[in-house]
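Shown next: model-v4.txt, given as compact mmCIF, C-alpha atoms (C1' of nucleotides).
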# COMPACT_ATOMS: atom_id res chain seq x y z
CA MET U 1 -226.92 -32.25 115.94
CA VAL U 2 -223.38 -31.16 115.22
CA TYR U 3 -220.34 -32.69 116.82
CA ARG U 4 -218.51 -30.32 119.13
CA PHE U 5 -215.08 -31.63 119.85
CA THR U 6 -214.67 -29.61 123.03
CA ASP U 7 -217.90 -31.07 124.39
CA SER U 8 -216.89 -34.65 123.68
CA VAL U 9 -216.25 -37.09 126.49
CA PRO U 10 -212.65 -37.88 125.49
CA TYR U 11 -211.76 -34.19 125.35
CA LEU U 12 -213.29 -33.35 128.71
CA LEU U 13 -211.78 -36.46 130.23
CA ASN U 14 -208.31 -35.60 129.04
CA ARG U 15 -208.65 -31.99 130.09
CA ALA U 16 -209.70 -32.83 133.62
CA GLY U 17 -207.12 -35.58 133.87
CA VAL U 18 -204.23 -33.42 132.74
CA ALA U 19 -205.20 -30.51 134.96
CA LEU U 20 -205.57 -32.76 137.97
CA GLY U 21 -202.32 -34.56 137.22
CA GLU U 22 -200.35 -31.36 136.90
CA ARG U 23 -201.60 -30.05 140.21
CA PHE U 24 -200.88 -33.23 142.05
CA THR U 25 -197.47 -33.56 140.45
CA ARG U 26 -196.50 -30.14 141.74
CA ARG U 27 -197.96 -30.88 145.12
CA ILE U 28 -195.89 -34.04 145.65
CA ALA U 29 -192.73 -32.87 143.88
CA SER U 30 -191.12 -31.89 147.18
CA TYR U 31 -191.28 -35.53 148.24
CA GLY U 32 -189.06 -36.40 145.27
CA VAL U 33 -191.84 -38.41 143.70
CA THR U 34 -193.47 -38.20 140.30
CA LEU U 35 -197.12 -38.97 139.57
CA PRO U 36 -196.47 -42.41 138.06
CA MET U 37 -194.33 -43.24 141.08
CA TYR U 38 -197.14 -42.25 143.39
CA ARG U 39 -199.56 -44.43 141.47
CA VAL U 40 -197.25 -47.40 141.79
CA LEU U 41 -196.82 -46.86 145.52
CA ALA U 42 -200.54 -46.37 146.07
CA VAL U 43 -201.55 -49.49 144.16
CA LEU U 44 -198.99 -51.66 145.92
CA ARG U 45 -199.92 -50.21 149.28
CA GLN U 46 -203.56 -50.91 148.63
CA SER U 47 -203.38 -54.41 147.14
CA GLY U 48 -199.90 -55.71 147.95
CA THR U 49 -197.38 -57.48 145.75
CA LYS U 50 -197.96 -57.38 142.01
CA THR U 51 -196.21 -58.64 138.93
CA LEU U 52 -194.87 -56.03 136.58
CA GLY U 53 -197.52 -56.83 134.01
CA ASP U 54 -200.39 -56.52 136.45
CA LEU U 55 -198.95 -53.32 137.82
CA SER U 56 -198.66 -51.92 134.32
CA GLU U 57 -202.32 -52.65 133.78
CA LEU U 58 -203.33 -51.16 137.10
CA VAL U 59 -201.43 -47.91 136.80
CA SER U 60 -201.98 -47.45 133.06
CA VAL U 61 -198.28 -47.23 132.33
CA GLU U 62 -196.71 -49.05 129.40
CA LEU U 63 -194.62 -52.07 130.38
CA SER U 64 -191.23 -50.90 129.21
CA THR U 65 -191.75 -47.52 130.79
CA LEU U 66 -192.79 -49.12 134.03
CA SER U 67 -189.83 -51.50 133.98
CA ARG U 68 -187.49 -48.54 133.95
CA LEU U 69 -189.53 -46.61 136.48
CA ILE U 70 -189.30 -49.55 138.86
CA SER U 71 -185.52 -49.64 138.40
CA LEU U 72 -185.42 -46.06 139.56
CA MET U 73 -187.73 -46.71 142.49
CA VAL U 74 -185.67 -49.71 143.56
CA LYS U 75 -182.58 -47.54 143.48
CA ARG U 76 -184.37 -45.07 145.74
CA GLY U 77 -185.40 -47.79 148.12
CA LEU U 78 -189.14 -47.40 147.60
CA VAL U 79 -189.94 -50.83 146.16
CA THR U 80 -188.39 -54.27 145.78
CA ARG U 81 -188.15 -56.32 142.61
CA ILE U 82 -187.97 -60.07 143.08
CA ARG U 83 -187.79 -62.91 140.57
CA PRO U 84 -189.33 -65.83 142.44
CA PRO U 85 -187.34 -69.07 141.87
CA GLU U 86 -190.52 -71.09 141.43
CA ASN U 87 -191.43 -68.98 138.41
CA ALA U 88 -188.49 -67.01 137.20
CA ARG U 89 -190.13 -65.35 134.25
CA ILE U 90 -192.27 -63.07 136.34
CA VAL U 91 -191.09 -60.23 138.50
CA LEU U 92 -192.80 -59.37 141.74
CA ILE U 93 -192.87 -55.77 142.87
CA ASP U 94 -193.62 -54.71 146.40
CA VAL U 95 -193.21 -51.62 148.55
CA THR U 96 -190.45 -51.39 151.10
CA PRO U 97 -191.27 -50.08 154.58
CA LYS U 98 -189.88 -46.74 153.45
CA GLY U 99 -192.09 -46.85 150.37
CA ALA U 100 -195.09 -47.75 152.48
CA ASP U 101 -194.57 -44.80 154.78
CA LEU U 102 -194.21 -42.48 151.85
CA ALA U 103 -197.31 -43.97 150.22
CA ASP U 104 -199.32 -43.32 153.38
CA GLU U 105 -198.15 -39.74 153.52
CA LEU U 106 -198.94 -39.11 149.86
CA MET U 107 -202.32 -40.79 150.07
CA GLN U 108 -203.21 -38.35 152.83
CA ILE U 109 -202.60 -35.56 150.37
CA ALA U 110 -204.55 -37.39 147.71
CA MET U 111 -207.48 -37.79 150.11
CA HIS U 112 -207.43 -34.09 150.72
CA PHE U 113 -207.35 -33.50 146.98
CA GLU U 114 -210.33 -35.72 146.48
CA ASP U 115 -212.22 -33.96 149.24
CA THR U 116 -211.82 -30.47 147.82
CA LEU U 117 -212.41 -31.83 144.37
CA ILE U 118 -215.84 -33.18 145.14
CA SER U 119 -216.59 -30.79 148.02
CA ASN U 120 -219.31 -28.89 146.24
CA LEU U 121 -220.60 -31.77 144.19
CA ASP U 122 -223.57 -33.97 144.88
CA LYS U 123 -222.70 -37.28 146.51
CA ASP U 124 -225.08 -39.07 144.14
CA GLN U 125 -223.52 -37.37 141.16
CA VAL U 126 -220.03 -38.35 142.20
CA ASP U 127 -221.21 -41.94 142.36
CA ILE U 128 -222.54 -41.63 138.84
CA LEU U 129 -219.27 -40.09 137.74
CA LYS U 130 -217.25 -42.98 139.12
CA THR U 131 -219.60 -45.58 137.76
CA LEU U 132 -219.53 -44.06 134.32
CA LEU U 133 -215.76 -43.81 134.29
CA CYS U 134 -215.61 -47.52 135.04
CA GLN U 135 -218.14 -48.30 132.37
CA ILE U 136 -216.24 -46.25 129.85
CA ASN U 137 -213.21 -48.33 130.60
CA GLN U 138 -215.14 -51.45 129.74
CA GLN U 139 -216.71 -49.93 126.67
CA VAL U 140 -213.29 -48.96 125.37
CA GLU U 141 -212.60 -52.63 124.73
CA LYS U 142 -215.30 -52.61 122.10
CA LEU U 143 -213.90 -49.67 120.15
CA MET D 144 -214.35 -44.79 155.68
CA VAL D 145 -211.01 -45.85 154.20
CA TYR D 146 -209.45 -44.28 151.16
CA ARG D 147 -209.24 -46.63 148.22
CA PHE D 148 -206.84 -45.28 145.65
CA THR D 149 -208.31 -47.29 142.80
CA ASP D 150 -211.76 -45.85 143.55
CA SER D 151 -210.55 -42.27 143.58
CA VAL D 152 -211.66 -39.81 140.94
CA PRO D 153 -208.15 -38.99 139.69
CA TYR D 154 -207.30 -42.65 139.27
CA LEU D 155 -210.48 -43.53 137.40
CA LEU D 156 -210.15 -40.40 135.32
CA ASN D 157 -206.62 -41.21 134.29
CA ARG D 158 -207.44 -44.82 133.61
CA ALA D 159 -210.34 -44.02 131.32
CA GLY D 160 -208.43 -41.23 129.64
CA VAL D 161 -205.38 -43.35 128.89
CA ALA D 162 -207.41 -46.29 127.64
CA LEU D 163 -209.46 -44.06 125.39
CA GLY D 164 -206.41 -42.22 124.14
CA GLU D 165 -204.56 -45.40 123.28
CA ARG D 166 -207.48 -46.76 121.28
CA PHE D 167 -207.98 -43.58 119.37
CA THR D 168 -204.27 -43.20 118.73
CA ARG D 169 -204.17 -46.63 117.10
CA ARG D 170 -207.32 -45.92 115.17
CA ILE D 171 -205.96 -42.75 113.57
CA ALA D 172 -202.34 -43.88 113.21
CA SER D 173 -202.88 -44.86 109.56
CA TYR D 174 -203.67 -41.22 108.82
CA GLY D 175 -200.17 -40.32 109.97
CA VAL D 176 -201.56 -38.31 112.85
CA THR D 177 -200.95 -38.51 116.59
CA LEU D 178 -203.53 -37.78 119.26
CA PRO D 179 -202.18 -34.32 120.13
CA MET D 180 -202.17 -33.51 116.43
CA TYR D 181 -205.78 -34.54 116.15
CA ARG D 182 -206.69 -32.37 119.11
CA VAL D 183 -205.01 -29.38 117.52
CA LEU D 184 -206.79 -29.95 114.22
CA ALA D 185 -210.15 -30.48 115.90
CA VAL D 186 -209.92 -27.36 118.04
CA LEU D 187 -208.86 -25.18 115.12
CA ARG D 188 -211.53 -26.66 112.89
CA GLN D 189 -214.15 -26.00 115.51
CA SER D 190 -213.20 -22.49 116.60
CA GLY D 191 -210.83 -21.16 113.96
CA THR D 192 -207.52 -19.34 114.31
CA LYS D 193 -205.87 -19.41 117.70
CA THR D 194 -202.67 -18.10 119.23
CA LEU D 195 -200.19 -20.68 120.39
CA GLY D 196 -200.92 -19.86 124.01
CA ASP D 197 -204.66 -20.23 123.65
CA LEU D 198 -204.22 -23.44 121.73
CA SER D 199 -201.96 -24.79 124.44
CA GLU D 200 -204.66 -24.08 126.97
CA LEU D 201 -207.38 -25.63 124.83
CA VAL D 202 -205.60 -28.87 124.01
CA SER D 203 -203.90 -29.28 127.39
CA VAL D 204 -200.44 -29.45 125.87
CA GLU D 205 -197.51 -27.59 127.35
CA LEU D 206 -196.41 -24.54 125.36
CA SER D 207 -192.94 -25.68 124.39
CA THR D 208 -194.22 -29.09 123.40
CA LEU D 209 -196.95 -27.52 121.33
CA SER D 210 -194.53 -25.13 119.67
CA ARG D 211 -192.55 -28.08 118.36
CA LEU D 212 -195.65 -30.03 117.46
CA ILE D 213 -196.85 -27.13 115.37
CA SER D 214 -193.50 -26.99 113.58
CA LEU D 215 -194.03 -30.59 112.57
CA MET D 216 -197.61 -29.99 111.50
CA VAL D 217 -196.57 -26.98 109.42
CA LYS D 218 -193.96 -29.14 107.71
CA ARG D 219 -196.69 -31.63 106.90
CA GLY D 220 -198.94 -28.94 105.51
CA LEU D 221 -201.68 -29.36 108.11
CA VAL D 222 -201.55 -25.93 109.72
CA THR D 223 -200.12 -22.47 109.13
CA ARG D 224 -198.13 -20.40 111.60
CA ILE D 225 -198.32 -16.66 111.10
CA ARG D 226 -196.77 -13.79 113.02
CA PRO D 227 -199.15 -10.91 112.36
CA PRO D 228 -197.23 -7.66 111.64
CA GLU D 229 -199.60 -5.66 113.82
CA ASN D 230 -198.57 -7.74 116.82
CA ALA D 231 -195.44 -9.67 116.12
CA ARG D 232 -195.05 -11.28 119.49
CA ILE D 233 -197.97 -13.62 119.05
CA VAL D 234 -198.23 -16.48 116.61
CA LEU D 235 -201.49 -17.38 114.95
CA ILE D 236 -202.15 -20.99 114.10
CA ASP D 237 -204.78 -22.09 111.62
CA VAL D 238 -205.64 -25.18 109.64
CA THR D 239 -204.83 -25.41 105.97
CA PRO D 240 -207.48 -26.77 103.59
CA LYS D 241 -205.65 -30.07 103.72
CA GLY D 242 -205.70 -29.96 107.51
CA ALA D 243 -209.37 -29.11 107.51
CA ASP D 244 -210.23 -32.08 105.32
CA LEU D 245 -208.23 -34.36 107.53
CA ALA D 246 -209.86 -32.88 110.64
CA ASP D 247 -213.30 -33.57 109.20
CA GLU D 248 -212.38 -37.13 108.42
CA LEU D 249 -210.93 -37.74 111.86
CA MET D 250 -213.83 -36.11 113.63
CA GLN D 251 -216.13 -38.57 111.90
CA ILE D 252 -214.18 -41.33 113.56
CA ALA D 253 -214.28 -39.50 116.85
CA MET D 254 -218.05 -39.15 116.56
CA HIS D 255 -218.32 -42.86 116.05
CA PHE D 256 -216.10 -43.43 119.04
CA GLU D 257 -218.28 -41.23 121.18
CA ASP D 258 -221.39 -43.03 119.98
CA THR D 259 -220.22 -46.49 120.92
CA LEU D 260 -218.73 -45.14 124.09
CA ILE D 261 -222.00 -43.84 125.42
CA SER D 262 -224.22 -46.25 123.51
CA ASN D 263 -225.38 -48.18 126.54
CA LEU D 264 -225.30 -45.28 128.94
CA ASP D 265 -228.14 -43.11 130.11
CA LYS D 266 -228.43 -39.81 128.28
CA ASP D 267 -229.04 -38.02 131.57
CA GLN D 268 -226.06 -39.66 133.14
CA VAL D 269 -223.79 -38.67 130.29
CA ASP D 270 -224.89 -35.08 130.81
CA ILE D 271 -223.97 -35.38 134.46
CA LEU D 272 -220.64 -36.87 133.48
CA LYS D 273 -219.80 -33.98 131.19
CA THR D 274 -220.97 -31.39 133.67
CA LEU D 275 -218.93 -32.90 136.44
CA LEU D 276 -215.82 -33.11 134.29
CA CYS D 277 -216.16 -29.40 133.62
CA GLN D 278 -216.71 -28.64 137.27
CA ILE D 279 -213.69 -30.68 138.22
CA ASN D 280 -211.66 -28.54 135.89
CA GLN D 281 -212.79 -25.45 137.71
CA GLN D 282 -212.27 -26.99 141.13
CA VAL D 283 -208.72 -27.91 140.20
CA GLU D 284 -207.85 -24.22 140.36
CA LYS D 285 -208.53 -24.29 144.08
CA LEU D 286 -206.20 -27.19 144.82
C1' DA N 287 -184.97 -85.09 125.40
C1' DC N 288 -185.67 -81.54 121.57
C1' DT N 289 -187.89 -78.27 119.19
C1' DT N 290 -191.27 -75.00 119.05
C1' DA N 291 -194.59 -72.01 121.03
C1' DA N 292 -196.18 -69.01 124.71
C1' DC N 293 -195.25 -65.94 128.43
C1' DT N 294 -192.92 -62.07 130.92
C1' DT N 295 -189.64 -58.69 131.27
C1' DT N 296 -185.84 -55.89 129.58
C1' DT N 297 -183.22 -53.20 126.25
C1' DG N 298 -182.21 -50.30 121.94
C1' DC N 299 -183.45 -46.46 119.77
C1' DA N 300 -185.97 -42.70 118.08
C1' DT N 301 -189.43 -39.50 119.50
C1' DT N 302 -191.83 -36.70 122.84
C1' DT N 303 -192.01 -34.19 126.92
C1' DG N 304 -191.20 -30.43 130.44
C1' DC N 305 -188.60 -27.19 132.80
C1' DA N 306 -185.72 -23.26 132.67
C1' DA N 307 -183.34 -20.02 130.09
C1' DA N 308 -183.07 -17.32 125.95
C1' DT N 309 -185.19 -14.65 122.28
C1' DG N 310 -187.97 -11.33 120.35
C1' DT N 311 -191.84 -7.95 120.76
C1' DT N 312 -194.81 -4.50 122.86
C1' DG N 313 -195.98 -1.36 126.57
C1' DT N 314 -194.60 1.76 130.42
C1' DT N 315 -191.81 4.72 133.05
C1' DT N 316 -188.62 8.28 133.53
C1' DA W 317 -185.86 7.96 123.43
C1' DA W 318 -183.64 4.83 126.75
C1' DA W 319 -184.34 1.63 130.17
C1' DC W 320 -187.20 -1.57 132.17
C1' DA W 321 -191.04 -4.58 132.83
C1' DA W 322 -194.50 -7.57 130.76
C1' DC W 323 -195.88 -10.68 127.24
C1' DA W 324 -195.54 -14.66 123.84
C1' DT W 325 -192.89 -17.96 121.76
C1' DT W 326 -188.79 -20.71 120.95
C1' DT W 327 -184.72 -23.38 122.14
C1' DG W 328 -181.33 -26.23 125.06
C1' DC W 329 -181.05 -30.08 127.50
C1' DA W 330 -182.11 -33.85 130.39
C1' DA W 331 -185.61 -37.11 131.38
C1' DA W 332 -189.68 -39.84 130.09
C1' DT W 333 -192.15 -42.43 126.65
C1' DG W 334 -193.42 -46.13 123.23
C1' DC W 335 -192.60 -49.37 119.82
C1' DA W 336 -190.15 -53.25 118.23
C1' DA W 337 -186.72 -56.51 118.96
C1' DA W 338 -184.14 -59.27 122.20
C1' DA W 339 -183.55 -62.14 126.22
C1' DG W 340 -184.83 -65.31 129.58
C1' DT W 341 -188.17 -68.73 131.42
C1' DT W 342 -191.81 -72.15 131.32
C1' DA W 343 -195.12 -75.12 128.83
C1' DA W 344 -196.52 -78.10 124.99
C1' DG W 345 -195.96 -81.04 121.08
C1' DT W 346 -193.35 -84.61 118.75
As structure tokens, the full file:
Amino acid sequence: MVYRFTDSVPYLLNRAGVALGERFTRRIASYGVTLPMYRVLAVLRQSGTKTLGDLSELVSVELSTLSRLISLMVKRGLVTRIRPPENARIVLIDVTPKGADLADELMQIAMHFEDTLISNLDKDQVDILKTLLCQINQQVEKL
Amino acid sequence: MVYRFTDSVPYLLNRAGVALGERFTRRIASYGVTLPMYRVLAVLRQSGTKTLGDLSELVSVELSTLSRLISLMVKRGLVTRIRPPENARIVLIDVTPKGADLADELMQIAMHFEDTLISNLDKDQVDILKTLLCQINQQVEKL
DNA sequence: ACTTAACTTTTGCATTTGCAAATGTTGTTT
DNA sequence: AAACAACATTTGCAAATGCAAAAGTTAAGT
């Protein structure tokens, strides 16, 4: 059995991810938001306040990159960045009301994306897809 | 049914893709090769000479970015860049013998990655995974 | 208390990226 | 054959990225 690079999981994963990302980026560009920004807003909207480190983990963006991205988002009034006095080495990020509204709007679009994406796929198969993607994430630790 | 961002296909896809990419990047760093470089080598090794445009499509790297990446790879003796006289507006990229050897070596590592990645997954499920990733790619066109 | 270690974020700097415009080539129209 | 459109790649430039080092804060050891 020969190894076919273009049939490998990492290749297909990247391909689908990039294609999807590009589409969504273009779709939300008119809102003045980039894909990483959307991810930040969506995570915060879903689970509330997060430290920078946790957020970095959750949105798969490197810490230093995220730090600067947050600076930009603060400047645009989408999120707040607070150093709590009781523990001044962490930074807490949260959405502003404006950011929350925007997040809701964008998540509507994302929902629609998801719908068309899996529209002609088996419900069971989509479940398998999601489960496997999660498992891959765990397996990656062992590599 | 509420929309949970962190359960969405794009999110999980990105997460797995980034995690996998980071690991592999670190794994191959000692060979002086980046992930996009590996992808270029692997595609060329698998399917032979390609135009820059086709290659861009195959490795999911934007044309201008790829153009510069290829310049670097040419300088390092990994690939060749030829403008065929019979059609001088295209550029043909191919691996050098050195590039081919490196590609083989790296693909061994990639094979091993794939093995551990899907080691405790169902064979049938992996097939579904791959199929769905391909279908997602096609569906993306409709978004 | 003082030093050292551990934790979290930010910054410096070089590299990579992506869009738009420019370049060069072929094909088509008149 | 000149002008124009279509095709394929490259380049300019601003923004994003990633690593390593720095900075600031808390915790632990002596």
- Task: Write out as a list in words which residues come within 12 Å of U:Val33 when counting all atoms listed in the file, dropping same-chain ones fewer than 2 positions away.
- Result: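 Contacts, in chain order: Phe24, Thr25, Arg26, Arg27, Ile28, Ala29, Ser30, Tyr31, Leu35, Pro36, Met37, Tyr38, Arg39, Val40, Leu41, Leu69, Leu72, Met73, Arg76, Leu78, Gly99, Leu102, Ala103, Glu105 and Leu106 of chain U.
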- Distance criterion (all atoms listed in the file): nearest to N:DT295 out of W:DA317, W:DA338, W:DA343, W:DA332: W:DA338
- Task: Enumerate as a VMD selection string the residues belonging to chain D that approach chain U to within 6 Å, with all atoms listed in the file taken into account.
- Result: chain D and resid 156 to 157 159 to 160 260 272 280 282
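The shortest atom-to-atom distance to chain U, with all atoms listed in the file taken into account, belongs to W:DC335 out of W:DA318, W:DC335, W:DA324, W:DC329.
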- Message: I want to know what sits within 12 Å of N:DA291, based on all atoms listed in the file, with residues of the same chain fewer than 3 positions away left out; could you give that as number ranges by chain?
- Response: W: 342-345
- Task: For chain D, report every residue with an atom at most 7 Å from chain N (counting only C-alpha atoms (C1' of nucleotides)), formatted as a list in words.
- Result: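 For chain D, the answer reads Thr208, Ala231 and Arg232 of chain D.
Every chain U residue lying within 12 Å of chain W, based on all atoms listed in the file, is listed here: Thr34, Pro36, Val61, Glu62, Leu63, Ser64, Thr65, Leu66, Ser67, Arg68, Leu69, Arg83, Pro84, Pro85, Glu86, Asn87, Ala88, Arg89, Ile90 and Val91 of chain U.
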- Message: Please compute the atom CA of U:Gly53-atom CA of U:Ala100 distance, one decimal, in Å.
- Response: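 Atom-to-atom, atom CA of U:Gly53 to atom CA of U:Ala100, that is 20.7 Å.
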Centre and edge lengths, as JSON, for the axis-aligned box enclosing every listed atom of stretch 328-346 of chain W with 8 Å of padding on each of the six sides, in Å to one decimal?
{"center_x": -188.8, "center_y": -55.4, "center_z": 124.8, "size_x": 31.5, "size_y": 74.4, "size_z": 29.2}
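Here atom CA of U:Lys98 stands at a distance of 19.2 Å from atom CA of U:Leu55.
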- Atom pair atom CA of U:Asp104 / atom CA of U:Gly48: separation (Å): 13.5 Å
Some atoms are absent from stretch 70-99 of chain U, so rebuild N, CA and C atoms and return them as a PDB file, in the coordinates of the input.
ATOM      1  N   ILE U  70    -189.540 -48.699 137.703  1.00  0.00           N
ATOM      2  CA  ILE U  70    -189.300 -49.550 138.860  1.00  0.00           C
ATOM      3  C   ILE U  70    -187.809 -49.600 139.196  1.00  0.00           C
ATOM      4  N   SER U  71    -186.974 -49.670 138.163  1.00  0.00           N
ATOM      5  CA  SER U  71    -185.520 -49.640 138.400  1.00  0.00           C
ATOM      6  C   SER U  71    -185.144 -48.422 139.232  1.00  0.00           C
ATOM      7  N   LEU U  72    -185.700 -47.312 138.861  1.00  0.00           N
ATOM      8  CA  LEU U  72    -185.420 -46.060 139.560  1.00  0.00           C
ATOM      9  C   LEU U  72    -185.925 -46.116 140.996  1.00  0.00           C
ATOM     10  N   MET U  73    -187.118 -46.651 141.158  1.00  0.00           N
ATOM     11  CA  MET U  73    -187.730 -46.710 142.490  1.00  0.00           C
ATOM     12  C   MET U  73    -186.998 -47.707 143.399  1.00  0.00           C
ATOM     13  N   VAL U  74    -186.478 -48.769 142.792  1.00  0.00           N
ATOM     14  CA  VAL U  74    -185.670 -49.710 143.560  1.00  0.00           C
ATOM     15  C   VAL U  74    -184.417 -48.998 144.062  1.00  0.00           C
ATOM     16  N   LYS U  75    -183.801 -48.262 143.145  1.00  0.00           N
ATOM     17  CA  LYS U  75    -182.580 -47.540 143.480  1.00  0.00           C
ATOM     18  C   LYS U  75    -182.822 -46.565 144.636  1.00  0.00           C
ATOM     19  N   ARG U  76    -184.035 -46.021 144.671  1.00  0.00           N
ATOM     20  CA  ARG U  76    -184.370 -45.070 145.740  1.00  0.00           C
ATOM     21  C   ARG U  76    -184.937 -45.749 146.974  1.00  0.00           C
ATOM     22  N   GLY U  77    -184.975 -47.063 146.936  1.00  0.00           N
ATOM     23  CA  GLY U  77    -185.400 -47.790 148.120  1.00  0.00           C
ATOM     24  C   GLY U  77    -186.893 -47.755 148.410  1.00  0.00           C
ATOM     25  N   LEU U  78    -187.689 -47.493 147.383  1.00  0.00           N
ATOM     26  CA  LEU U  78    -189.140 -47.400 147.600  1.00  0.00           C
ATOM     27  C   LEU U  78    -189.850 -48.731 147.380  1.00  0.00           C
ATOM     28  N   VAL U  79    -189.313 -49.531 146.448  1.00  0.00           N
ATOM     29  CA  VAL U  79    -189.940 -50.830 146.160  1.00  0.00           C
ATOM     30  C   VAL U  79    -188.854 -51.895 146.004  1.00  0.00           C
ATOM     31  N   THR U  80    -189.289 -53.160 146.053  1.00  0.00           N
ATOM     32  CA  THR U  80    -188.390 -54.270 145.780  1.00  0.00           C
ATOM     33  C   THR U  80    -188.834 -54.970 144.509  1.00  0.00           C
ATOM     34  N   ARG U  81    -187.869 -55.609 143.863  1.00  0.00           N
ATOM     35  CA  ARG U  81    -188.150 -56.320 142.610  1.00  0.00           C
ATOM     36  C   ARG U  81    -187.550 -57.715 142.768  1.00  0.00           C
ATOM     37  N   ILE U  82    -188.420 -58.695 142.824  1.00  0.00           N
ATOM     38  CA  ILE U  82    -187.970 -60.070 143.080  1.00  0.00           C
ATOM     39  C   ILE U  82    -188.410 -61.012 141.958  1.00  0.00           C
ATOM     40  N   ARG U  83    -187.455 -61.828 141.498  1.00  0.00           N
ATOM     41  CA  ARG U  83    -187.790 -62.910 140.570  1.00  0.00           C
ATOM     42  C   ARG U  83    -187.937 -64.183 141.392  1.00  0.00           C
ATOM     43  N   PRO U  84    -189.145 -64.649 141.599  1.00  0.00           N
ATOM     44  CA  PRO U  84    -189.330 -65.830 142.440  1.00  0.00           C
ATOM     45  C   PRO U  84    -188.765 -67.070 141.741  1.00  0.00           C
ATOM     46  N   PRO U  85    -187.987 -67.895 142.453  1.00  0.00           N
ATOM     47  CA  PRO U  85    -187.340 -69.070 141.870  1.00  0.00           C
ATOM     48  C   PRO U  85    -188.354 -70.067 141.306  1.00  0.00           C
ATOM     49  N   GLU U  86    -189.525 -70.124 141.897  1.00  0.00           N
ATOM     50  CA  GLU U  86    -190.520 -71.090 141.430  1.00  0.00           C
ATOM     51  C   GLU U  86    -191.160 -70.671 140.109  1.00  0.00           C
ATOM     52  N   ASN U  87    -190.970 -69.434 139.727  1.00  0.00           N
ATOM     53  CA  ASN U  87    -191.430 -68.980 138.410  1.00  0.00           C
ATOM     54  C   ASN U  87    -190.607 -67.763 138.019  1.00  0.00           C
ATOM     55  N   ALA U  88    -189.489 -68.053 137.400  1.00  0.00           N
ATOM     56  CA  ALA U  88    -188.490 -67.010 137.200  1.00  0.00           C
ATOM     57  C   ALA U  88    -188.749 -66.115 135.987  1.00  0.00           C
ATOM     58  N   ARG U  89    -189.908 -66.296 135.366  1.00  0.00           N
ATOM     59  CA  ARG U  89    -190.130 -65.350 134.250  1.00  0.00           C
ATOM     60  C   ARG U  89    -190.941 -64.145 134.689  1.00  0.00           C
ATOM     61  N   ILE U  90    -191.565 -64.249 135.841  1.00  0.00           N
ATOM     62  CA  ILE U  90    -192.270 -63.070 136.340  1.00  0.00           C
ATOM     63  C   ILE U  90    -191.376 -62.301 137.294  1.00  0.00           C
ATOM     64  N   VAL U  91    -191.791 -61.073 137.539  1.00  0.00           N
ATOM     65  CA  VAL U  91    -191.090 -60.230 138.500  1.00  0.00           C
ATOM     66  C   VAL U  91    -192.122 -59.708 139.462  1.00  0.00           C
ATOM     67  N   LEU U  92    -191.856 -59.860 140.731  1.00  0.00           N
ATOM     68  CA  LEU U  92    -192.800 -59.370 141.740  1.00  0.00           C
ATOM     69  C   LEU U  92    -192.312 -58.050 142.320  1.00  0.00           C
ATOM     70  N   ILE U  93    -193.210 -57.097 142.324  1.00  0.00           N
ATOM     71  CA  ILE U  93    -192.870 -55.770 142.870  1.00  0.00           C
ATOM     72  C   ILE U  93    -193.635 -55.574 144.163  1.00  0.00           C
ATOM     73  N   ASP U  94    -192.946 -55.017 145.142  1.00  0.00           N
ATOM     74  CA  ASP U  94    -193.620 -54.710 146.400  1.00  0.00           C
ATOM     75  C   ASP U  94    -193.004 -53.457 147.009  1.00  0.00           C
ATOM     76  N   VAL U  95    -193.749 -52.813 147.885  1.00  0.00           N
ATOM     77  CA  VAL U  95    -193.210 -51.620 148.550  1.00  0.00           C
ATOM     78  C   VAL U  95    -192.303 -52.031 149.689  1.00  0.00           C
ATOM     79  N   THR U  96    -191.286 -51.232 149.922  1.00  0.00           N
ATOM     80  CA  THR U  96    -190.450 -51.390 151.100  1.00  0.00           C
ATOM     81  C   THR U  96    -191.150 -50.661 152.252  1.00  0.00           C
ATOM     82  N   PRO U  97    -190.699 -50.856 153.475  1.00  0.00           N
ATOM     83  CA  PRO U  97    -191.270 -50.080 154.580  1.00  0.00           C
ATOM     84  C   PRO U  97    -191.186 -48.578 154.303  1.00  0.00           C
ATOM     85  N   LYS U  98    -190.044 -48.160 153.801  1.00  0.00           N
ATOM     86  CA  LYS U  98    -189.880 -46.740 153.450  1.00  0.00           C
ATOM     87  C   LYS U  98    -190.916 -46.313 152.426  1.00  0.00           C
ATOM     88  N   GLY U  99    -191.104 -47.161 151.397  1.00  0.00           N
ATOM     89  CA  GLY U  99    -192.090 -46.850 150.370  1.00  0.00           C
ATOM     90  C   GLY U  99    -193.493 -46.811 150.929  1.00  0.00           C
TER      91      GLY U  99
END
